[in-house]
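See below for work_8.cif, which holds mmCIF, C-alpha atoms.
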data_my_file
loop_
_atom_site.label_atom_id
_atom_site.label_comp_id
_atom_site.auth_asym_id
_atom_site.auth_seq_id
_atom_site.Cartn_x
_atom_site.Cartn_y
_atom_site.Cartn_z
CA MET A 124 179.19 71.06 50.62
CA CYS A 125 178.75 69.61 47.14
CA LYS A 126 177.10 72.84 45.97
CA LEU A 127 180.03 74.88 47.30
CA TRP A 128 182.45 72.67 45.37
CA LYS A 129 180.38 72.97 42.16
CA MET A 130 180.30 76.76 42.55
CA GLY A 131 184.10 76.83 42.36
CA ILE A 132 185.11 76.98 46.04
CA HIS A 133 187.99 74.49 45.96
CA ASP A 134 190.11 75.81 48.83
CA LYS A 135 190.03 72.79 51.15
CA ARG A 136 190.92 74.91 54.19
CA VAL A 137 187.75 77.01 53.71
CA LEU A 138 185.65 73.91 53.09
CA LYS A 139 187.06 72.27 56.23
CA ILE A 140 186.18 75.31 58.39
CA ILE A 141 182.63 75.37 57.01
CA SER A 142 182.28 71.62 57.59
CA GLN A 143 183.43 72.00 61.21
CA MET A 144 180.99 74.87 61.78
CA LEU A 145 178.14 72.71 60.47
CA LYS A 146 179.05 69.91 62.91
CA ALA A 147 179.88 72.12 65.92
CA GLY A 148 176.52 71.55 67.63
CA TYR A 149 174.79 73.96 70.00
CA ILE A 150 174.12 74.50 73.70
CA ASP A 151 170.62 74.94 75.09
CA ARG A 152 170.10 75.36 78.85
CA VAL A 153 173.60 74.14 79.68
CA LEU A 154 173.08 70.96 77.62
CA TYR A 155 175.11 70.24 74.49
CA TYR A 156 173.32 68.93 71.37
CA MET A 157 175.03 67.58 68.28
CA THR A 158 174.16 68.99 64.86
CA GLU A 159 173.12 66.07 62.72
CA ILE A 160 171.50 67.92 59.81
CA GLY A 161 171.07 71.46 58.49
CA THR A 162 172.77 74.66 59.57
CA PRO A 163 172.91 75.97 63.15
CA GLN A 164 170.15 78.53 63.72
CA GLY A 165 171.51 81.99 64.54
CA SER A 166 174.93 81.23 63.08
CA ILE A 167 176.59 83.83 60.84
CA LEU A 168 177.07 80.99 58.36
CA SER A 169 173.37 80.14 57.96
CA PRO A 170 172.23 83.06 55.73
CA LEU A 171 175.31 82.66 53.50
CA LEU A 172 174.69 78.96 53.00
CA ALA A 173 170.98 79.68 52.45
CA ASN A 174 171.97 81.92 49.53
CA VAL A 175 174.19 79.15 48.14
CA TYR A 176 171.59 76.42 48.53
CA LEU A 177 168.59 78.42 47.25
CA ASN A 178 170.40 79.89 44.25
CA ASP A 179 168.95 77.10 42.07
CA PHE A 180 165.47 78.00 43.35
CA ASP A 181 165.97 81.63 42.22
CA TRP A 182 166.86 80.55 38.71
CA TYR A 183 164.10 77.94 38.62
CA VAL A 184 161.40 80.56 39.25
CA GLY A 185 163.18 83.26 37.26
CA ARG A 186 163.31 81.23 34.06
CA LYS A 187 159.54 80.86 34.09
CA TYR A 188 159.13 84.55 33.30
CA PHE A 189 161.59 87.10 34.70
CA GLU A 190 164.86 85.52 33.50
CA PRO A 191 163.82 83.14 30.68
CA HIS A 192 166.24 81.36 28.38
CA ARG A 193 167.15 84.21 26.07
CA LYS A 194 165.50 84.25 22.66
CA CYS A 195 165.66 88.02 22.28
CA LYS A 196 168.56 90.42 22.76
CA ARG A 197 166.81 92.29 25.58
CA LYS A 198 165.21 90.79 28.68
CA SER A 199 162.20 93.12 28.39
CA ASN A 200 161.49 91.77 24.90
CA ASP A 201 161.61 88.22 26.27
CA SER A 202 159.08 89.11 28.98
CA ARG A 203 156.85 90.76 26.37
CA ARG A 204 157.10 87.66 24.20
CA LEU A 205 156.08 85.37 27.08
CA LYS A 206 153.20 87.66 28.03
CA SER A 207 151.89 87.62 24.46
CA GLN A 208 151.98 83.81 24.60
CA GLY A 209 149.66 83.85 27.61
CA VAL A 210 152.31 83.20 30.29
CA THR A 211 151.28 84.80 33.60
CA PRO A 212 153.95 87.19 34.97
CA LYS A 213 155.76 86.06 38.13
CA TYR A 214 158.63 87.65 40.05
CA ASN A 215 160.67 86.15 42.90
CA PHE A 216 162.18 88.24 45.71
CA ARG A 217 164.32 86.46 48.29
CA TYR A 218 166.40 87.44 51.33
CA ALA A 219 168.27 84.43 52.81
CA ASP A 220 165.48 81.89 53.46
CA ASP A 221 162.54 84.35 53.22
CA TRP A 222 161.00 84.78 49.80
CA VAL A 223 157.96 86.22 48.06
CA ILE A 224 156.63 85.46 44.58
CA LEU A 225 154.44 88.11 42.97
CA THR A 226 151.96 87.17 40.25
CA THR A 227 148.72 88.56 38.85
CA SER A 228 146.14 85.85 39.59
CA GLN A 229 145.14 83.70 42.55
CA GLU A 230 144.97 80.61 40.33
CA GLU A 231 148.60 81.06 39.28
CA ALA A 232 149.66 81.63 42.89
CA GLU A 233 147.92 78.44 44.05
CA ARG A 234 149.44 76.49 41.18
CA LEU A 235 152.93 77.78 42.00
CA LYS A 236 152.53 76.89 45.67
CA HIS A 237 151.59 73.31 44.80
CA TYR A 238 154.35 73.08 42.20
CA LEU A 239 157.05 74.50 44.49
CA THR A 240 156.06 72.21 47.36
CA ASP A 241 157.06 69.26 45.16
CA TYR A 242 160.15 71.11 43.88
CA PHE A 243 161.46 71.75 47.41
CA ARG A 244 160.65 68.21 48.54
CA TYR A 245 162.16 66.23 45.65
CA LYS A 246 164.77 68.60 44.20
CA LEU A 247 166.11 70.44 47.25
CA LYS A 248 165.17 67.79 49.87
CA LEU A 249 163.38 70.44 51.96
CA GLU A 250 159.87 70.54 53.39
CA LEU A 251 157.99 73.73 52.58
CA SER A 252 156.02 74.97 55.59
CA GLN A 253 152.39 75.10 54.47
CA GLU A 254 151.53 77.30 57.45
CA LYS A 255 154.07 80.00 56.59
CA THR A 256 153.72 79.67 52.82
CA TYR A 257 150.39 81.29 52.07
CA VAL A 258 148.61 83.03 49.19
CA THR A 259 147.42 86.56 49.85
CA ASP A 260 146.19 89.66 48.04
CA LEU A 261 148.37 92.78 48.22
CA GLN A 262 145.37 95.09 47.92
CA SER A 263 143.45 93.67 50.89
CA LYS A 264 145.84 92.01 53.35
CA GLY A 265 149.29 92.73 51.97
CA ILE A 266 152.33 90.50 52.44
CA ARG A 267 154.53 90.13 55.52
CA PHE A 268 158.20 90.18 54.52
CA LEU A 269 161.26 90.94 56.67
CA GLU A 270 159.16 92.51 59.46
CA PHE A 271 157.32 94.76 57.00
CA VAL A 272 153.77 94.60 55.66
CA VAL A 273 153.74 95.59 51.97
CA LYS A 274 150.40 96.66 50.51
CA ALA A 275 149.32 97.74 47.03
CA GLU A 276 147.63 101.14 47.34
CA ARG A 277 147.06 104.23 45.28
CA LYS A 278 149.90 106.69 45.17
CA ARG A 279 149.59 109.57 47.60
CA LYS A 280 148.46 112.78 45.91
CA THR A 281 150.96 115.66 45.87
CA LEU A 282 150.48 119.37 45.25
CA ASP A 283 151.23 118.83 41.56
CA PRO A 284 148.12 117.37 39.80
CA LYS A 285 150.34 116.06 36.98
CA THR A 286 151.69 113.38 39.31
CA TRP A 287 148.22 112.08 40.25
CA THR A 288 147.55 108.57 39.02
CA GLU A 289 145.11 105.74 39.62
CA ASN A 290 147.88 103.14 39.36
CA LEU A 291 148.72 101.09 42.44
CA VAL A 292 152.13 101.25 44.09
CA GLY A 293 153.74 99.10 46.78
CA LYS A 294 153.75 100.75 50.21
CA PRO A 295 155.77 99.19 53.06
CA TYR A 296 154.53 99.51 56.64
CA PRO A 297 156.16 98.17 59.83
CA ASP A 298 154.73 94.82 60.96
CA LEU A 299 153.02 95.95 64.19
CA LYS A 300 152.99 92.42 65.65
CA ARG A 301 156.78 92.19 65.40
CA LEU A 302 157.15 95.80 66.51
CA LYS A 303 155.06 95.09 69.63
CA ARG A 304 157.47 92.35 70.71
CA LYS A 305 160.49 94.61 70.16
CA THR A 306 158.87 97.43 72.12
CA GLU A 307 158.08 95.06 74.99
CA MET A 308 161.74 93.99 75.06
CA LEU A 309 162.75 97.66 75.21
CA GLN A 310 160.41 98.17 78.16
CA VAL A 311 162.00 95.22 79.97
CA GLU A 312 165.46 96.74 79.46
CA ILE A 313 164.25 100.12 80.73
CA ARG A 314 162.87 98.54 83.93
CA LYS A 315 166.29 97.00 84.58
CA ILE A 316 167.79 100.47 85.08
CA GLU A 317 166.47 100.75 88.64
CA THR A 318 167.94 97.35 89.57
CA PHE A 319 171.52 98.61 89.15
CA ARG A 320 173.13 100.24 92.17
CA GLU A 321 176.22 101.79 90.57
CA PRO A 322 175.57 105.01 88.57
CA THR A 323 178.03 103.87 85.87
CA ALA A 324 176.05 100.65 85.40
CA LYS A 325 172.84 102.67 84.98
CA VAL A 326 174.53 104.90 82.40
CA ALA A 327 175.81 101.86 80.48
CA GLN A 328 172.29 100.37 80.47
CA ILE A 329 170.83 103.64 79.16
CA HIS A 330 173.39 103.65 76.35
CA ARG A 331 172.47 100.07 75.44
CA ILE A 332 168.78 101.01 75.32
CA ASN A 333 169.48 104.04 73.12
CA GLU A 334 171.48 101.86 70.72
CA LYS A 335 168.57 99.44 70.44
CA ILE A 336 166.12 102.29 69.83
CA MET A 337 168.40 103.65 67.10
CA GLY A 338 168.65 100.22 65.49
CA ILE A 339 164.86 99.80 65.42
CA ALA A 340 164.36 103.33 64.08
CA GLN A 341 166.92 102.97 61.32
CA TYR A 342 165.54 99.57 60.29
CA TYR A 343 161.98 100.84 59.88
CA GLN A 344 162.92 104.28 58.52
CA PRO A 345 162.55 103.31 54.79
CA SER A 346 158.88 102.41 55.42
CA ILE A 347 155.80 104.52 56.23
CA CYS A 348 156.60 104.53 59.92
CA SER A 349 155.25 107.69 61.62
CA HIS A 350 152.46 105.76 63.39
CA ALA A 351 154.91 103.04 64.48
CA PHE A 352 157.36 105.62 65.83
CA GLU A 353 154.56 107.24 67.84
CA ILE A 354 153.81 103.86 69.44
CA ILE A 355 157.48 103.36 70.38
CA ASP A 356 157.78 106.92 71.73
CA ARG A 357 154.68 106.67 73.89
CA ARG A 358 155.48 103.28 75.42
CA VAL A 359 159.16 104.00 76.00
CA ASN A 360 158.36 107.38 77.55
CA ASN A 361 155.66 105.96 79.85
CA THR A 362 157.91 103.12 81.02
CA ALA A 363 160.88 105.44 81.60
CA PHE A 364 158.65 107.86 83.50
CA ALA A 365 157.42 105.04 85.78
CA VAL A 366 161.00 103.87 86.43
CA TRP A 367 162.17 107.40 87.27
CA LYS A 368 159.18 107.82 89.56
CA ASN A 369 160.31 104.77 91.55
CA MET A 370 163.95 105.87 91.61
CA PHE A 371 163.32 109.53 92.47
CA PRO A 372 159.87 109.72 94.13
CA HIS A 373 160.29 113.37 95.21
CA SER A 374 162.00 114.91 92.17
CA TYR A 375 160.95 112.84 89.13
CA ASN A 376 158.80 115.68 87.72
CA GLU A 377 161.81 117.98 87.51
CA MET A 378 163.77 115.44 85.46
CA GLN A 379 161.42 115.52 82.46
CA VAL A 380 162.77 118.43 80.41
CA PRO A 381 162.48 119.56 76.76
CA LEU A 382 164.99 117.96 74.41
CA LYS A 383 166.17 121.33 73.06
CA ILE A 384 167.81 122.31 76.36
CA LEU A 385 169.96 119.14 76.48
CA CYS A 386 173.47 118.84 75.04
CA ASN A 387 173.91 115.05 75.34
CA LEU A 388 173.74 113.97 71.68
CA PRO A 389 170.19 115.28 71.00
CA HIS A 390 170.33 114.09 67.37
CA ARG A 391 170.65 110.51 68.66
CA HIS A 392 168.27 110.60 71.61
#
Here is a file; write its structure as structure tokens.
Amino acid sequence: MCKLWKMGIHDKRVLKIISQMLKAGYIDRVLYYMTEIGTPQGSILSPLLANVYLNDFDWYVGRKYFEPHRKCKRKSNDSRRLKSQGVTPKYNFRYADDWVILTTSQEEAERLKHYLTDYFRYKLKLELSQEKTYVTDLQSKGIRFLEFVVKAERKRKTLDPKTWTENLVGKPYPDLKRLKRKTEMLQVEIRKIETFREPTAKVAQIHRINEKIMGIAQYYQPSICSHAFEIIDRRVNNTAFAVWKNMFPHSYNEMQVPLKILCNLPHRH
């Protein structure tokens, strides 16, 4: 609340609403629990307040290399100056409370982890999870960030030899462990279809499943996702086929038809 005030949010009505949301508590298995510290997990307020609270962390890491105190007119000249002085490059990328720091040596990464553990503990009054905060190599294992695995690999060769290069580029892939859990949840929802008696309820459930499939597909679409999409297609199709076999034991084979002959939103389904 003090950080919000220092940032210039002085409307006491807004501050009062935020304060009440922080103290609203939560319900777990019909039992009410008071919120004594922190932000409620899953609340729409949590990622916004995470951005407010970790803004100082962004600038703290940024000033070490990426956004130093300006001594040159251009930021690129400042970075070049620091590099010539032997400062190891480091870049911070953060989304709400998930963040990644890129640097060029394992020694610098280990030093930053130790340094930031103390920074979070004494400056931000937060405990950095040593289990989730780990040092890794982008070329061998990659980094897990926002349900993606980003690896440093050579650029894919095109038909034009002029574009061929030995330089490494970042390639995002879907995190298959997270994707497996989402696919299993889809399969559970598909199996629920046969539990509904009313046709309208079955149709509504199918629409809900299609919306979830679209959400997953659109989320992973910016990555290299053809293999992941094949996994989803195969498991969803096999589960749906088994459900239809139970619902229509004598005519289920006739219900599997090519997509091109359907008119029910084929671009979505």
| request: List the residues selected by the PyMOL selection byres ((chain A and resi 330) around 12) in the file shown, writing them as a count of residues only. | output: 21
| query | Which residues match the PyMOL selection byres ((chain A and resi 182-189) around 7) in the file above, as number ranges by chain? | reply | A: 178-181, 190-192, 202, 205, 212-215
Same residues, C-alpha atoms, output as a PDB file, in the coordinates of the input:
ATOM      1  CA  ASN A 178     170.400  79.890  44.250  1.00  0.00           C
ATOM      2  CA  ASP A 179     168.950  77.100  42.070  1.00  0.00           C
ATOM      3  CA  PHE A 180     165.470  78.000  43.350  1.00  0.00           C
ATOM      4  CA  ASP A 181     165.970  81.630  42.220  1.00  0.00           C
ATOM      5  CA  GLU A 190     164.860  85.520  33.500  1.00  0.00           C
ATOM      6  CA  PRO A 191     163.820  83.140  30.680  1.00  0.00           C
ATOM      7  CA  HIS A 192     166.240  81.360  28.380  1.00  0.00           C
ATOM      8  CA  SER A 202     159.080  89.110  28.980  1.00  0.00           C
ATOM      9  CA  LEU A 205     156.080  85.370  27.080  1.00  0.00           C
ATOM     10  CA  PRO A 212     153.950  87.190  34.970  1.00  0.00           C
ATOM     11  CA  LYS A 213     155.760  86.060  38.130  1.00  0.00           C
ATOM     12  CA  TYR A 214     158.630  87.650  40.050  1.00  0.00           C
ATOM     13  CA  ASN A 215     160.670  86.150  42.900  1.00  0.00           C
TER      14      ASN A 215
END
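With all atoms listed in the file as the atoms that count, the residue of A:Phe364, A:Leu235, A:Leu269, A:Ile132 with the shortest distance to Thr256 of chain A is A:Leu235.
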| field | Using all atoms listed in the file: which of A:Thr259, A:Gly209, A:Glu254, A:Pro297 has the shortest distance to Ile224 of chain A | value |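 Among the listed residues, the smallest separation from Ile224 of chain A belongs to A:Thr259.
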| query | Which residue, A:Arg358, A:Lys294, A:Lys264, A:Lys368, has the smallest gap to Met308 of chain A when you use only C-alpha atoms? | reply |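 Closest to Met308 of chain A, using only C-alpha atoms: A:Arg358.
When atom CA of Tyr242 of chain A is paired with atom CA of Tyr218 of chain A, their separation reads 19.0 Å.
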| field | Nearest residue to Val272 of chain A from the set A:Ile160, A:Leu138, A:Leu302, A:Ala365 (distances using only C-alpha atoms) | value | A:Leu302
| query | Could you write out as an MDAnalysis selection string the residues that the PyMOL selection byres ((chain A and resi 166) around 12) matches in the shown file? | reply | chainID A and resid 141 144:145 147:149 161:165 167:173
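Taking atom CA of Ala340 of chain A as the reference point, atom CA of Phe352 of chain A is found at 7.6 Å.
Shortest atom-to-atom contact with Val258 of chain A among A:Arg234, A:Arg279, A:Arg203, A:Arg301: A:Arg234, counting only C-alpha atoms.
As for atom CA of His350 of chain A and atom CA of Thr288 of chain A, they are spaced 25.0 Å apart.
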| request: Within 8 Å of Gln262 of chain A, counting only C-alpha atoms, which residues show up once you throw out same-chain ones fewer than 3 positions away? Write them as a PyMOL selection string, please. | output: chain A and resi 265+274-276
| field | Selection as number ranges by chain: residues within 12 Å of (166.4, 69.5, 52.5), counting all atoms listed in the file | value | A: 160-162, 173, 176-177, 240-251
| query | Looking at all atoms listed in the file, which of A:Asn369, A:Gln344, A:Asn376, A:Ser349 is the one that sits closest to Arg314 of chain A? | reply | A:Asn369
Save segment 170-184 of chain A of the structure in the block above to a file, with all heavy atoms included, as a compact mmCIF listing (two decimals), in the first residue's frame.
# COMPACT_ATOMS: atom_id res chain seq x y z
N PRO A 170 -1.61 -10.25 -9.97
CA PRO A 170 -0.57 -9.90 -10.96
C PRO A 170 -0.33 -8.40 -11.07
O PRO A 170 0.80 -7.97 -11.33
CB PRO A 170 -1.12 -10.48 -12.28
CG PRO A 170 -2.57 -10.68 -12.05
CD PRO A 170 -2.74 -10.95 -10.60
N LEU A 171 -1.37 -7.58 -10.85
CA LEU A 171 -1.18 -6.13 -10.91
C LEU A 171 -0.30 -5.65 -9.76
O LEU A 171 0.62 -4.84 -9.94
CB LEU A 171 -2.54 -5.42 -10.86
CG LEU A 171 -3.49 -5.71 -12.02
CD1 LEU A 171 -4.84 -5.05 -11.79
CD2 LEU A 171 -2.90 -5.22 -13.33
N LEU A 172 -0.58 -6.17 -8.55
CA LEU A 172 0.23 -5.77 -7.41
C LEU A 172 1.64 -6.35 -7.49
O LEU A 172 2.59 -5.77 -6.97
CB LEU A 172 -0.44 -6.21 -6.12
CG LEU A 172 -1.76 -5.49 -5.78
CD1 LEU A 172 -2.32 -5.97 -4.47
CD2 LEU A 172 -1.56 -3.97 -5.74
N ALA A 173 1.78 -7.51 -8.16
CA ALA A 173 3.12 -8.07 -8.37
C ALA A 173 3.95 -7.12 -9.24
O ALA A 173 5.14 -6.90 -8.98
CB ALA A 173 3.02 -9.45 -9.02
N ASN A 174 3.33 -6.56 -10.26
CA ASN A 174 4.04 -5.59 -11.12
C ASN A 174 4.45 -4.35 -10.32
O ASN A 174 5.54 -3.82 -10.50
CB ASN A 174 3.15 -5.18 -12.30
CG ASN A 174 3.08 -6.25 -13.36
OD1 ASN A 174 3.98 -7.08 -13.47
ND2 ASN A 174 2.01 -6.26 -14.13
N VAL A 175 3.56 -3.89 -9.44
CA VAL A 175 3.87 -2.72 -8.61
C VAL A 175 5.04 -3.03 -7.67
O VAL A 175 6.00 -2.28 -7.56
CB VAL A 175 2.63 -2.29 -7.81
CG1 VAL A 175 3.00 -1.23 -6.78
CG2 VAL A 175 1.56 -1.77 -8.75
N TYR A 176 4.95 -4.19 -7.00
CA TYR A 176 5.92 -4.50 -5.96
C TYR A 176 7.29 -4.85 -6.53
O TYR A 176 8.32 -4.55 -5.93
CB TYR A 176 5.41 -5.67 -5.11
CG TYR A 176 6.09 -5.78 -3.77
CD1 TYR A 176 5.78 -4.90 -2.74
CD2 TYR A 176 7.07 -6.73 -3.54
CE1 TYR A 176 6.42 -4.98 -1.50
CE2 TYR A 176 7.71 -6.82 -2.31
CZ TYR A 176 7.37 -5.94 -1.30
OH TYR A 176 8.01 -6.01 -0.09
N LEU A 177 7.31 -5.51 -7.71
CA LEU A 177 8.58 -5.95 -8.29
C LEU A 177 9.16 -4.94 -9.28
O LEU A 177 10.15 -5.22 -9.95
CB LEU A 177 8.40 -7.30 -8.99
CG LEU A 177 8.05 -8.46 -8.05
CD1 LEU A 177 7.81 -9.74 -8.85
CD2 LEU A 177 9.14 -8.69 -7.03
N ASN A 178 8.56 -3.77 -9.38
CA ASN A 178 9.10 -2.74 -10.27
C ASN A 178 10.51 -2.34 -9.84
O ASN A 178 11.40 -2.13 -10.68
CB ASN A 178 8.17 -1.52 -10.26
CG ASN A 178 8.64 -0.44 -11.21
OD1 ASN A 178 8.78 -0.66 -12.41
ND2 ASN A 178 8.88 0.74 -10.67
N ASP A 179 10.74 -2.24 -8.54
CA ASP A 179 12.08 -1.90 -8.04
C ASP A 179 13.09 -2.97 -8.43
O ASP A 179 14.26 -2.67 -8.71
CB ASP A 179 12.06 -1.73 -6.53
CG ASP A 179 11.27 -0.51 -6.10
OD1 ASP A 179 11.05 0.37 -6.95
OD2 ASP A 179 10.85 -0.45 -4.93
N PHE A 180 12.65 -4.23 -8.42
CA PHE A 180 13.54 -5.35 -8.80
C PHE A 180 13.96 -5.21 -10.27
O PHE A 180 15.13 -5.44 -10.61
CB PHE A 180 12.81 -6.67 -8.56
CG PHE A 180 13.39 -7.85 -9.28
CD1 PHE A 180 14.64 -8.34 -8.96
CD2 PHE A 180 12.67 -8.48 -10.29
CE1 PHE A 180 15.17 -9.44 -9.62
CE2 PHE A 180 13.19 -9.56 -10.96
CZ PHE A 180 14.45 -10.04 -10.63
N ASP A 181 13.01 -4.84 -11.14
CA ASP A 181 13.34 -4.64 -12.56
C ASP A 181 14.44 -3.60 -12.73
O ASP A 181 15.41 -3.81 -13.47
CB ASP A 181 12.09 -4.20 -13.34
CG ASP A 181 11.03 -5.27 -13.39
OD1 ASP A 181 11.37 -6.44 -13.18
OD2 ASP A 181 9.86 -4.95 -13.66
N TRP A 182 14.30 -2.47 -12.05
CA TRP A 182 15.28 -1.41 -12.18
C TRP A 182 16.61 -1.79 -11.52
O TRP A 182 17.68 -1.41 -12.00
CB TRP A 182 14.74 -0.11 -11.57
CG TRP A 182 13.73 0.55 -12.44
CD1 TRP A 182 12.39 0.58 -12.27
CD2 TRP A 182 14.00 1.26 -13.65
NE1 TRP A 182 11.79 1.27 -13.29
CE2 TRP A 182 12.76 1.70 -14.16
CE3 TRP A 182 15.16 1.56 -14.36
CZ2 TRP A 182 12.65 2.43 -15.34
CZ3 TRP A 182 15.05 2.30 -15.54
CH2 TRP A 182 13.81 2.72 -16.02
N TYR A 183 16.54 -2.56 -10.45
CA TYR A 183 17.75 -2.98 -9.75
C TYR A 183 18.65 -3.82 -10.67
O TYR A 183 19.86 -3.61 -10.74
CB TYR A 183 17.37 -3.76 -8.49
CG TYR A 183 18.55 -4.29 -7.72
CD1 TYR A 183 19.34 -3.45 -6.95
CD2 TYR A 183 18.86 -5.65 -7.75
CE1 TYR A 183 20.41 -3.95 -6.24
CE2 TYR A 183 19.94 -6.15 -7.04
CZ TYR A 183 20.70 -5.29 -6.29
OH TYR A 183 21.78 -5.78 -5.59
N VAL A 184 18.03 -4.79 -11.37
CA VAL A 184 18.79 -5.63 -12.30
C VAL A 184 19.14 -4.85 -13.56
O VAL A 184 20.25 -4.96 -14.09
CB VAL A 184 17.99 -6.91 -12.64
CG1 VAL A 184 18.77 -7.76 -13.64
CG2 VAL A 184 17.70 -7.71 -11.39
